[in-house]
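protein-v6.cif, holding mmCIF, C-alpha atoms:
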data_upload
#
loop_
_atom_site.label_atom_id
_atom_site.label_comp_id
_atom_site.auth_asym_id
_atom_site.auth_seq_id
_atom_site.Cartn_x
_atom_site.Cartn_y
_atom_site.Cartn_z
CA MET A 1 33.63 53.15 134.13
CA ARG A 2 33.92 52.56 130.37
CA ARG A 3 30.93 50.98 128.67
CA ASP A 4 33.07 48.24 127.05
CA THR A 5 34.43 46.74 130.27
CA ARG A 6 33.46 43.43 131.83
CA GLU A 7 32.10 45.29 134.87
CA THR A 8 29.80 47.38 132.67
CA ALA A 9 28.52 44.32 130.81
CA VAL A 10 27.77 42.48 134.04
CA LEU A 11 26.17 45.56 135.57
CA LYS A 12 23.95 46.00 132.50
CA ALA A 13 22.82 42.38 132.77
CA VAL A 14 22.04 42.78 136.48
CA ILE A 15 20.11 46.03 135.94
CA GLU A 16 18.02 44.69 133.08
CA ARG A 17 17.18 41.54 135.03
CA PHE A 18 16.26 43.68 138.05
CA ILE A 19 14.03 45.89 135.87
CA ARG A 20 12.13 42.79 134.71
CA SER A 21 11.78 41.09 138.10
CA GLY A 22 12.18 43.71 140.81
CA GLU A 23 14.00 41.04 142.83
CA PRO A 24 17.67 40.76 143.88
CA VAL A 25 19.76 39.20 141.11
CA ALA A 26 22.06 36.23 141.74
CA SER A 27 25.28 35.61 139.83
CA ALA A 28 23.96 32.22 138.67
CA THR A 29 20.98 33.98 137.07
CA VAL A 30 23.25 36.38 135.19
CA ALA A 31 25.43 33.50 133.99
CA GLU A 32 22.40 31.56 132.81
CA GLU A 33 20.48 34.36 131.11
CA SER A 34 23.21 36.59 129.71
CA ARG A 35 25.40 35.94 126.68
CA LEU A 36 28.58 37.20 128.27
CA GLY A 37 30.42 33.91 128.02
CA LEU A 38 31.57 34.16 131.64
CA SER A 39 31.47 31.49 134.29
CA PRO A 40 29.30 31.93 137.40
CA ALA A 41 32.51 32.32 139.42
CA SER A 42 33.76 35.15 137.18
CA ILE A 43 30.40 36.89 137.34
CA ARG A 44 30.28 36.46 141.12
CA ALA A 45 33.73 38.05 141.45
CA THR A 46 32.75 40.91 139.14
CA MET A 47 29.54 41.53 141.10
CA ALA A 48 31.60 41.64 144.31
CA THR A 49 33.82 44.30 142.71
CA LEU A 50 30.77 46.29 141.62
CA THR A 51 29.44 46.09 145.17
CA ASP A 52 32.72 47.47 146.52
CA GLN A 53 32.46 50.32 143.98
CA GLY A 54 28.93 51.23 145.12
CA TYR A 55 27.08 50.05 142.02
CA LEU A 56 25.43 47.04 143.69
CA GLU A 57 24.22 46.29 147.17
CA GLN A 58 23.22 43.11 148.94
CA PRO A 59 19.98 43.46 150.91
CA HIS A 60 20.51 40.17 152.79
CA VAL A 61 23.46 37.90 153.31
CA SER A 62 22.01 35.05 151.24
CA ALA A 63 20.26 37.22 148.62
CA GLY A 64 21.46 38.38 145.25
CA ARG A 65 22.51 41.93 144.45
CA VAL A 66 20.41 45.02 143.76
CA PRO A 67 21.54 47.97 141.58
CA THR A 68 21.96 51.29 143.38
CA ALA A 69 21.02 54.76 142.16
CA LYS A 70 24.69 55.16 141.16
CA ALA A 71 24.32 52.10 138.92
CA PHE A 72 21.15 53.39 137.29
CA ARG A 73 22.83 56.76 136.72
CA LEU A 74 25.62 55.03 134.80
CA TYR A 75 23.13 52.84 132.95
CA VAL A 76 20.94 55.73 131.83
CA ASP A 77 23.83 58.01 130.88
CA THR A 78 26.16 55.62 129.06
CA VAL A 79 24.63 52.19 128.46
CA LEU A 80 20.92 52.54 127.75
CA ALA A 81 19.76 52.50 124.14
CA PRO A 82 16.07 53.53 124.20
CA ARG A 83 13.89 51.88 121.59
CA PRO A 84 12.45 54.60 119.33
CA LEU A 85 8.71 54.61 118.86
CA SER A 86 7.34 53.71 115.46
CA PRO A 87 5.80 56.52 113.40
CA ALA A 88 2.42 54.85 113.90
CA LYS A 89 2.85 54.90 117.67
CA VAL A 90 3.91 58.55 117.66
CA ALA A 91 0.81 59.39 115.60
CA GLU A 92 -1.35 57.41 118.03
CA LEU A 93 -0.05 59.38 121.01
CA ALA A 94 -0.55 62.68 119.21
CA LYS A 95 -4.10 61.71 118.29
CA ALA A 96 -4.86 60.87 121.94
CA LEU A 97 -4.04 64.49 122.83
CA ASP A 98 -5.93 66.08 119.95
CA LEU A 99 -9.07 67.01 121.85
CA GLU A 100 -11.57 69.06 119.89
CA ASN A 101 -12.07 72.58 121.29
CA ALA A 102 -9.91 71.72 124.32
CA ASP A 103 -8.03 74.38 126.23
CA ILE A 104 -4.46 73.97 127.41
CA SER A 105 -5.43 72.63 130.84
CA GLN A 106 -7.51 69.86 129.27
CA ILE A 107 -4.67 68.91 126.91
CA LEU A 108 -2.12 68.79 129.74
CA ARG A 109 -4.48 66.72 131.90
CA ARG A 110 -4.90 64.25 129.03
CA ALA A 111 -1.13 64.21 128.50
CA SER A 112 -0.58 63.06 132.09
CA ALA A 113 -3.09 60.25 131.54
CA VAL A 114 -1.43 59.17 128.28
CA VAL A 115 2.02 59.03 129.91
CA ALA A 116 0.62 56.98 132.78
CA SER A 117 -1.17 54.47 130.58
CA GLN A 118 1.75 54.04 128.18
CA SER A 119 4.57 53.87 130.74
CA MET A 120 2.77 52.28 133.73
CA GLN A 121 4.26 55.03 135.90
CA LEU A 122 2.75 58.18 137.37
CA GLY A 123 2.20 60.65 134.56
CA VAL A 124 2.80 64.23 135.68
CA VAL A 125 2.68 67.39 133.54
CA LEU A 126 3.76 70.81 134.74
CA ALA A 127 1.62 73.62 133.32
CA PRO A 128 3.08 76.95 132.18
CA LYS A 129 3.32 79.72 134.74
CA ARG A 130 0.30 81.93 134.38
CA ASP A 131 2.52 84.95 133.88
CA GLU A 132 3.99 83.26 130.81
CA MET A 133 0.60 82.91 129.11
CA ARG A 134 -0.30 85.49 126.49
CA TRP A 135 -3.21 87.91 126.46
CA ARG A 136 -5.79 87.14 123.76
CA THR A 137 -8.72 89.35 124.72
CA ILE A 138 -10.42 90.99 127.68
CA GLU A 139 -14.10 91.75 128.02
CA PHE A 140 -16.08 93.56 130.71
CA SER A 141 -19.70 93.10 131.79
CA LEU A 142 -21.83 95.18 134.15
CA VAL A 143 -22.95 93.22 137.19
CA GLY A 144 -24.23 96.13 139.29
CA PRO A 145 -24.01 99.94 139.49
CA ASN A 146 -20.44 99.79 140.81
CA LEU A 147 -19.45 96.21 140.02
CA VAL A 148 -17.86 94.91 136.82
CA LEU A 149 -16.97 91.37 135.77
CA ALA A 150 -13.62 91.21 133.96
CA VAL A 151 -13.08 88.16 131.72
CA LEU A 152 -9.52 87.72 130.50
CA ILE A 153 -9.01 85.02 127.85
CA LEU A 154 -5.46 83.75 127.32
CA ASP A 155 -3.97 82.01 124.34
CA GLY A 156 -4.77 78.34 124.57
CA GLY A 157 -8.25 79.01 125.86
CA SER A 158 -7.52 79.56 129.56
CA VAL A 159 -9.97 81.98 131.14
CA ARG A 160 -9.55 84.17 134.20
CA THR A 161 -12.45 86.06 135.74
CA ARG A 162 -12.44 88.77 138.40
CA MET A 163 -15.18 90.83 140.02
CA VAL A 164 -13.95 94.44 140.22
CA ALA A 165 -15.53 97.13 142.37
CA VAL A 166 -15.41 100.50 140.57
CA PRO A 167 -15.89 104.03 141.97
CA ASP A 168 -17.89 105.24 138.98
CA ALA A 169 -21.02 103.96 137.26
CA TYR A 170 -19.98 102.73 133.81
CA THR A 171 -22.23 102.09 130.84
CA ALA A 172 -21.98 99.15 128.47
CA ASP A 173 -20.53 101.52 125.86
CA ASP A 174 -17.84 102.62 128.32
CA LEU A 175 -16.84 99.01 128.92
CA THR A 176 -16.70 98.31 125.18
CA ARG A 177 -14.35 101.28 124.68
CA PHE A 178 -12.18 100.01 127.55
CA SER A 179 -11.98 96.54 125.99
CA ASN A 180 -11.12 97.88 122.54
CA TYR A 181 -8.32 100.06 123.91
CA LEU A 182 -6.82 97.29 126.04
CA ASN A 183 -7.00 94.57 123.40
CA GLY A 184 -5.47 96.90 120.83
CA ASN A 185 -2.52 97.63 123.11
CA PHE A 186 -1.92 94.40 125.01
CA LYS A 187 -3.01 91.49 122.81
CA GLY A 188 -0.08 89.06 122.48
CA CYS A 189 1.71 90.31 125.61
CA THR A 190 2.57 87.88 128.36
CA LEU A 191 0.69 88.65 131.55
CA SER A 192 3.92 89.61 133.31
CA ASP A 193 4.74 92.13 130.56
CA ALA A 194 1.18 93.46 130.54
CA ARG A 195 1.23 93.92 134.30
CA LEU A 196 4.49 95.89 134.17
CA ARG A 197 3.32 98.07 131.29
CA ILE A 198 -0.01 98.84 132.94
CA ALA A 199 1.67 99.79 136.22
CA ALA A 200 4.12 102.06 134.40
CA GLU A 201 1.41 103.75 132.32
CA LEU A 202 -0.78 104.33 135.35
CA GLU A 203 2.09 106.21 137.00
CA LEU A 204 2.11 108.59 134.03
CA ALA A 205 -1.64 108.65 133.62
CA GLU A 206 -2.22 112.23 134.77
CA GLU A 207 0.20 113.63 132.20
CA LYS A 208 -0.12 111.45 129.14
CA LEU A 209 -3.31 109.41 129.11
CA GLU A 210 -6.83 110.30 128.21
CA GLU A 211 -9.45 109.61 130.85
CA VAL A 212 -10.84 106.56 129.02
CA CYS A 213 -7.38 104.98 128.89
CA ARG A 214 -6.71 105.65 132.55
CA LYS A 215 -10.03 104.09 133.56
CA ALA A 216 -9.43 101.06 131.34
CA LEU A 217 -5.99 100.44 132.83
CA ALA A 218 -7.27 100.84 136.37
CA LEU A 219 -10.10 98.39 135.69
CA THR A 220 -7.69 95.81 134.24
CA LYS A 221 -5.09 95.89 137.00
CA PRO A 222 -7.15 93.76 139.47
CA ALA A 223 -7.85 91.22 136.71
CA LEU A 224 -4.09 90.64 136.36
CA ASP A 225 -3.44 90.33 140.07
CA ASP A 226 -2.62 86.67 140.52
CA THR A 227 0.43 86.73 142.75
CA ASP A 228 -0.88 84.09 145.16
CA ALA A 229 -1.79 81.49 142.55
CA GLU A 230 0.15 78.25 142.82
CA ARG A 231 1.57 76.84 139.63
CA GLU A 232 -0.58 74.03 138.33
CA PHE A 233 0.39 70.47 137.49
CA PHE A 234 -1.63 67.41 136.50
CA MET A 235 -1.07 63.89 137.78
CA ASP A 236 -2.55 60.58 136.66
CA GLY A 237 -1.86 56.87 136.92
CA ILE A 238 -2.28 55.87 140.55
CA GLY A 239 -4.83 53.24 139.46
CA GLN A 240 -2.43 51.58 137.03
CA VAL A 241 0.63 51.87 139.26
CA SER A 242 -1.00 50.57 142.43
CA HIS A 243 -1.94 47.31 140.72
CA THR A 244 1.55 46.51 139.43
CA SER A 245 3.83 44.01 141.14
CA ALA A 246 6.26 46.82 142.00
CA PHE A 247 3.73 48.09 144.56
CA ALA A 248 2.64 44.76 145.98
CA ASP A 249 4.45 45.82 149.15
CA ALA A 250 1.87 47.83 151.12
CA SER A 251 4.51 50.08 152.68
CA ARG A 252 5.81 51.06 149.26
CA LEU A 253 2.28 51.92 148.10
CA ARG A 254 1.71 54.01 151.23
CA GLU A 255 4.88 55.93 150.49
CA LEU A 256 3.71 56.56 146.94
CA LEU A 257 0.38 57.91 148.19
CA SER A 258 2.20 60.08 150.72
CA PHE A 259 4.49 61.40 147.99
CA MET A 260 1.51 62.31 145.81
CA GLU A 261 0.11 64.51 148.58
CA GLU A 262 3.28 66.62 148.79
CA ARG A 263 2.35 69.20 146.17
CA PRO A 264 5.13 71.70 147.02
CA ARG A 265 7.74 68.95 146.81
CA ILE A 266 6.44 67.68 143.45
CA LEU A 267 6.22 71.22 142.10
CA ASP A 268 9.80 71.94 143.14
CA LEU A 269 10.96 68.66 141.61
CA LEU A 270 9.29 69.36 138.26
CA GLU A 271 10.56 72.92 138.10
CA ARG A 272 14.11 71.72 138.71
CA THR A 273 13.90 69.28 135.80
CA MET A 274 13.16 72.22 133.49
CA ALA A 275 16.84 73.18 133.72
CA SER A 276 17.64 70.43 131.22
CA PRO A 277 17.08 71.40 127.56
CA ASP A 278 16.38 67.78 126.59
CA ILE A 279 14.85 64.71 128.16
CA SER A 280 16.47 63.92 131.50
CA VAL A 281 16.43 61.30 134.22
CA SER A 282 16.87 62.26 137.86
CA PHE A 283 16.73 60.27 141.07
CA ILE A 284 15.34 61.33 144.42
CA GLN A 285 15.31 59.56 147.75
CA GLY A 286 11.97 58.64 149.24
CA GLU A 287 10.77 59.64 152.66
CA TYR A 288 12.83 58.24 155.54
CA ASP A 289 15.52 57.17 152.99
CA THR A 290 13.55 54.10 151.99
CA THR A 291 12.24 54.12 148.43
CA PRO A 292 14.33 55.75 145.68
CA TRP A 293 12.25 57.38 142.93
CA ALA A 294 13.12 58.02 139.32
CA VAL A 295 11.84 61.02 137.37
CA VAL A 296 11.93 61.07 133.56
CA SER A 297 11.16 64.56 132.25
CA ALA A 298 11.04 66.23 128.85
CA PRO A 299 10.44 69.99 128.49
CA TYR A 300 7.96 71.57 126.10
CA SER A 301 7.79 75.11 124.77
CA SER A 302 5.62 77.13 122.43
CA ARG A 303 8.40 77.94 119.96
CA ASP A 304 11.69 76.29 118.98
CA GLY A 305 14.59 77.84 120.85
CA MET A 306 12.40 79.43 123.52
CA ALA A 307 12.62 78.68 127.23
CA PRO A 308 10.49 75.72 128.35
CA LEU A 309 6.96 76.47 129.51
CA GLY A 310 6.66 73.19 131.46
CA VAL A 311 7.64 69.54 131.48
CA VAL A 312 6.06 66.16 130.78
CA SER A 313 7.22 63.56 133.32
CA ALA A 314 6.94 59.95 134.38
CA ILE A 315 7.62 59.27 138.06
CA GLY A 316 8.15 55.77 139.39
CA LEU A 317 10.48 53.40 141.15
CA LEU A 318 14.17 53.26 140.38
CA HIS A 319 13.82 50.10 138.31
CA MET A 320 11.29 51.41 135.80
CA ASN A 321 11.82 50.28 132.21
CA TYR A 322 13.71 53.31 130.95
CA ALA A 323 14.05 51.90 127.43
CA THR A 324 10.28 52.24 126.95
CA VAL A 325 9.51 55.13 129.32
CA LEU A 326 11.94 57.65 127.80
CA PRO A 327 10.54 57.46 124.23
CA VAL A 328 6.96 57.76 125.51
CA VAL A 329 7.71 60.85 127.61
CA ASN A 330 9.68 62.41 124.76
CA ALA A 331 6.91 61.78 122.22
CA VAL A 332 4.14 63.15 124.47
CA ALA A 333 6.22 66.26 125.24
CA ALA A 334 6.77 66.82 121.50
CA SER A 335 3.02 66.51 120.86
CA VAL A 336 2.23 68.94 123.69
CA ALA A 337 4.74 71.42 122.25
CA LYS A 338 3.13 71.18 118.81
CA MET A 339 -0.31 71.81 120.26
CA MET A 340 1.00 74.77 122.26
CA ARG A 341 2.41 76.24 119.04
CA ASN A 342 -0.99 75.86 117.41
CA ARG A 343 -2.74 77.66 120.26
CA LEU A 344 -0.31 80.33 121.41
#
Would you mind giving the structure from this file in C-alpha cells?
Amino acid sequence: MRRDTRETAVLKAVIERFIRSGEPVASATVAEESRLGLSPASIRATMATLTDQGYLEQPHVSAGRVPTAKAFRLYVDTVLAPRPLSPAKVAELAKALDLENADISQILRRASAVVASQSMQLGVVLAPKRDEMRWRTIEFSLVGPNLVLAVLILDGGSVRTRMVAVPDAYTADDLTRFSNYLNGNFKGCTLSDARLRIAAELELAEEKLEEVCRKALALTKPALDDTDAEREFFMDGIGQVSHTSAFADASRLRELLSFMEERPRILDLLERTMASPDISVSFIQGEYDTTPWAVVSAPYSSRDGMAPLGVVSAIGLLHMNYATVLPVVNAVAASVAKMMRNRL
C-alpha cells in the first residue's frame, strides 16, 4: 500500500486514535477528528476495505475497528515520523546514565529504568556476552596452602572471582609473577580469545614454556571457565506499566507478569533483535494468541562499525506510542554505546 493513498490516510488516523485511546475506533470518530475531508460514509467504506485487506479487525459487531499487527507494521515502516528529541533531552538522558564509578552492569540496569520511565513501557537491556568482554587484569591471593583466589577484572569494571585448588604450595611472590606474566600477555583480549590461546599454549607447554608460565596458565584456566553462565539482561518498569490504562484489564496484566517470568523467551527475543544494525520494531504474539506485544530495540557496541554487544529495548502492547518510544530507545542506546567506548 502506498503512503499517499486514501486507505493509508484513513489507516493512519485509525492507528493514531487507537494509540491514544486503546479502544476500537468508529468511522464517525475518524471523520470528526481527522482532517481528511472525507464523509463518514466514505471513511466507513474505506475502513471496510482495510478490514478485508487484514489491516483492521472488528472485535464486536457493533464496535469500531482495531488495527492489526499488519497495520502497525505498515505504520512503523512507511508512515511513522518519529519526533526527534531535543538536544537538552538527549543530554538529560545521558546524564541519567552517567553514574560515578559505576561498572557496566550498573549502567545497563540504570538504562533499563530510564527507558521505562521515559517510554512508560518495560525497559529491557541485554548485556554483552561475557566472552565478548575484555581482560583488564587478573590477580591471585593465597587463601590456604593449596587454595588460591583468582580475581579477574574486565573492562567496564565487571569482576569475576574463582576459588582454584592447586597441587603445589605457592608463595605470594609466585602469584605476583603469575599475574605479571598473564596481564602482560592477555590484557585487552576478549575472554573467548584468551581461553583459546591459553588452551593452545598449555598443549605446547612441555616444549616451549617455562615452568612459571605453565603454572600461570593452568591457574588461570578455571577462572575463565564460564560455559554455564546465562547471558544477563536487566528489566524495569513493571510499576509504571501496571498502573497505566492499557493494563486496567486484569487478564492483560497477568499475561505481562507471566511474560516477564519467561527469561529464556525474553533472552531469545532480545538476541534476535540484534540482527538489525539500526533501531527496529518487531511484533510477537502473546501466550494463547491473546495479547500482541511490540518490541522496540536499538543495538549498542563499543566501537563504530563493530558487531553489537547488546540491545536497549522497550517492550509493551501493540498500540504503544512509537513516535515517542523510538527516539527514547535510540537515545539511550547511543548513550550506552558512548559509555561502553569510554570503559572498554
Go through stretch 107-186 of chain A and flag each residue having an atom no more than 12 Å from stretch 249-265 of chain A; for those, report the closest pair of atoms plus their distance in Å to one decimal, using only C-alpha atoms, ordered by chain and rising number, as CSV.
residue,atom,partner,partner_atom,distance
A:Gln121,CA,A:Leu256,CA,11.2
A:Leu122,CA,A:Met260,CA,9.5
A:Gly123,CA,A:Met260,CA,11.4
A:Val124,CA,A:Met260,CA,10.4
A:Leu126,CA,A:Arg263,CA,11.6
Could you list the residues chosen by the PyMOL selection byres ((chain A and resi 232) around 7) in this structure as a ChimeraX atom specification?
-> /A:126-127,230-231,233-234
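Put simply, atom CA of A:Ala294 is 5.0 Å away from atom CA of A:Leu318.
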Taking a cut-off of 8 Å and counting only C-alpha atoms, can you build a table that, for each residue of stretch 128-163 of chain A near stretch 169-185 of chain A, reports the nearest atom pair and how far apart they are in Å (one decimal), sorted by chain then residue number, as CSV?
residue,atom,partner,partner_atom,distance
A:Arg136,CA,A:Asn183,CA,7.5
A:Thr137,CA,A:Asn183,CA,5.7
A:Ile138,CA,A:Ser179,CA,6.0
A:Glu139,CA,A:Ser179,CA,5.6
A:Phe140,CA,A:Leu175,CA,5.8
A:Ser141,CA,A:Leu175,CA,7.2
A:Leu142,CA,A:Ala172,CA,6.9
A:Pro145,CA,A:Ala169,CA,5.5
A:Asn146,CA,A:Ala169,CA,5.5
Evaluate the PyMOL selection byres ((chain A and resi 324-333) around 7) and report residues as a VMD selection string | chain A and resid 82 to 85 90 93 111 115 118 to 119 279 296 to 300 312 to 314 321 to 323 334 to 337
Tell me, in Å to one decimal, how far atom CA of A:Glu23 is from atom CA of A:Phe72.
->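 That distance, rounded to one decimal, is 15.3 Å.
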Which polymer residues, protein or nucleic acid, are no farther than 9 Å from (19.0, 44.1, 146.0), counting all atoms listed in the file, as a count of residues only?
-> 16
Selected residue, from A:Leu224, A:Ile104, A:Leu219, A:Ile315, that lies nearest to A:Leu196 when counting all atoms listed in the file = A:Leu224
Any idea what's packed within 10 Å of A:Cys189, counting all atoms listed in the file, ignoring anything in its chain fewer than 6 positions away? Could you give it as a PyMOL selection string?
-> chain A and resi 131-136+154+183+195+197
Pairwise distance, atom CA of A:Val79 with atom CA of A:Ala9, equals 9.1 Å
Spatial neighbours of A:Met163, max dist 8 Å, all atoms listed in the file, sep filter under 3 positions, as a list in words |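 Here the qualifying residues turn out to be Leu147, Val148, Leu149 and Ala150 of chain A.
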Using the chain letters and numbers from the file, which residues does the PyMOL selection byres ((chain A and resi 28) around 12) grab, as a PyMOL selection string?
-> chain A and resi 10+13-14+24-27+29-34+38-45+47+63-65
Keeping only C-alpha atoms, write the selected residues as a PDB file, keeping the file's coordinate frame.
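That gives us again-v3.pdb:
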ATOM      1  CA  VAL A  10      27.770  42.480 134.040  1.00  0.00           C
ATOM      2  CA  ALA A  13      22.820  42.380 132.770  1.00  0.00           C
ATOM      3  CA  VAL A  14      22.040  42.780 136.480  1.00  0.00           C
ATOM      4  CA  PRO A  24      17.670  40.760 143.880  1.00  0.00           C
ATOM      5  CA  VAL A  25      19.760  39.200 141.110  1.00  0.00           C
ATOM      6  CA  ALA A  26      22.060  36.230 141.740  1.00  0.00           C
ATOM      7  CA  SER A  27      25.280  35.610 139.830  1.00  0.00           C
ATOM      8  CA  THR A  29      20.980  33.980 137.070  1.00  0.00           C
ATOM      9  CA  VAL A  30      23.250  36.380 135.190  1.00  0.00           C
ATOM     10  CA  ALA A  31      25.430  33.500 133.990  1.00  0.00           C
ATOM     11  CA  GLU A  32      22.400  31.560 132.810  1.00  0.00           C
ATOM     12  CA  GLU A  33      20.480  34.360 131.110  1.00  0.00           C
ATOM     13  CA  SER A  34      23.210  36.590 129.710  1.00  0.00           C
ATOM     14  CA  LEU A  38      31.570  34.160 131.640  1.00  0.00           C
ATOM     15  CA  SER A  39      31.470  31.490 134.290  1.00  0.00           C
ATOM     16  CA  PRO A  40      29.300  31.930 137.400  1.00  0.00           C
ATOM     17  CA  ALA A  41      32.510  32.320 139.420  1.00  0.00           C
ATOM     18  CA  SER A  42      33.760  35.150 137.180  1.00  0.00           C
ATOM     19  CA  ILE A  43      30.400  36.890 137.340  1.00  0.00           C
ATOM     20  CA  ARG A  44      30.280  36.460 141.120  1.00  0.00           C
ATOM     21  CA  ALA A  45      33.730  38.050 141.450  1.00  0.00           C
ATOM     22  CA  MET A  47      29.540  41.530 141.100  1.00  0.00           C
ATOM     23  CA  ALA A  63      20.260  37.220 148.620  1.00  0.00           C
ATOM     24  CA  GLY A  64      21.460  38.380 145.250  1.00  0.00           C
ATOM     25  CA  ARG A  65      22.510  41.930 144.450  1.00  0.00           C
TER      26      ARG A  65
END
Which is closer to A:Ser301 than all the others in A:Val166, A:Ile284, A:Lys129, A:Gly316, using all atoms listed in the file?
->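 Of the candidates, the smallest distance to A:Ser301 is held by A:Lys129.
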A:Ser302 environment, 8 Å, only C-alpha atoms, sequence neighbours closer than 4 positions dropped, as a PyMOL selection string = chain A and resi 306+308-309+337-338+340-341+344
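Checking A:Val125, A:His243, A:Thr51, A:Arg162 one by one against A:Leu269, counting all atoms listed in the file, you find the shortest gap at A:Val125.
Restricting the calculation to all atoms listed in the file, the smallest distance between A:Leu80 and any of A:Met274, A:Ala194, A:Leu317, A:Val281 is found for A:Val281.
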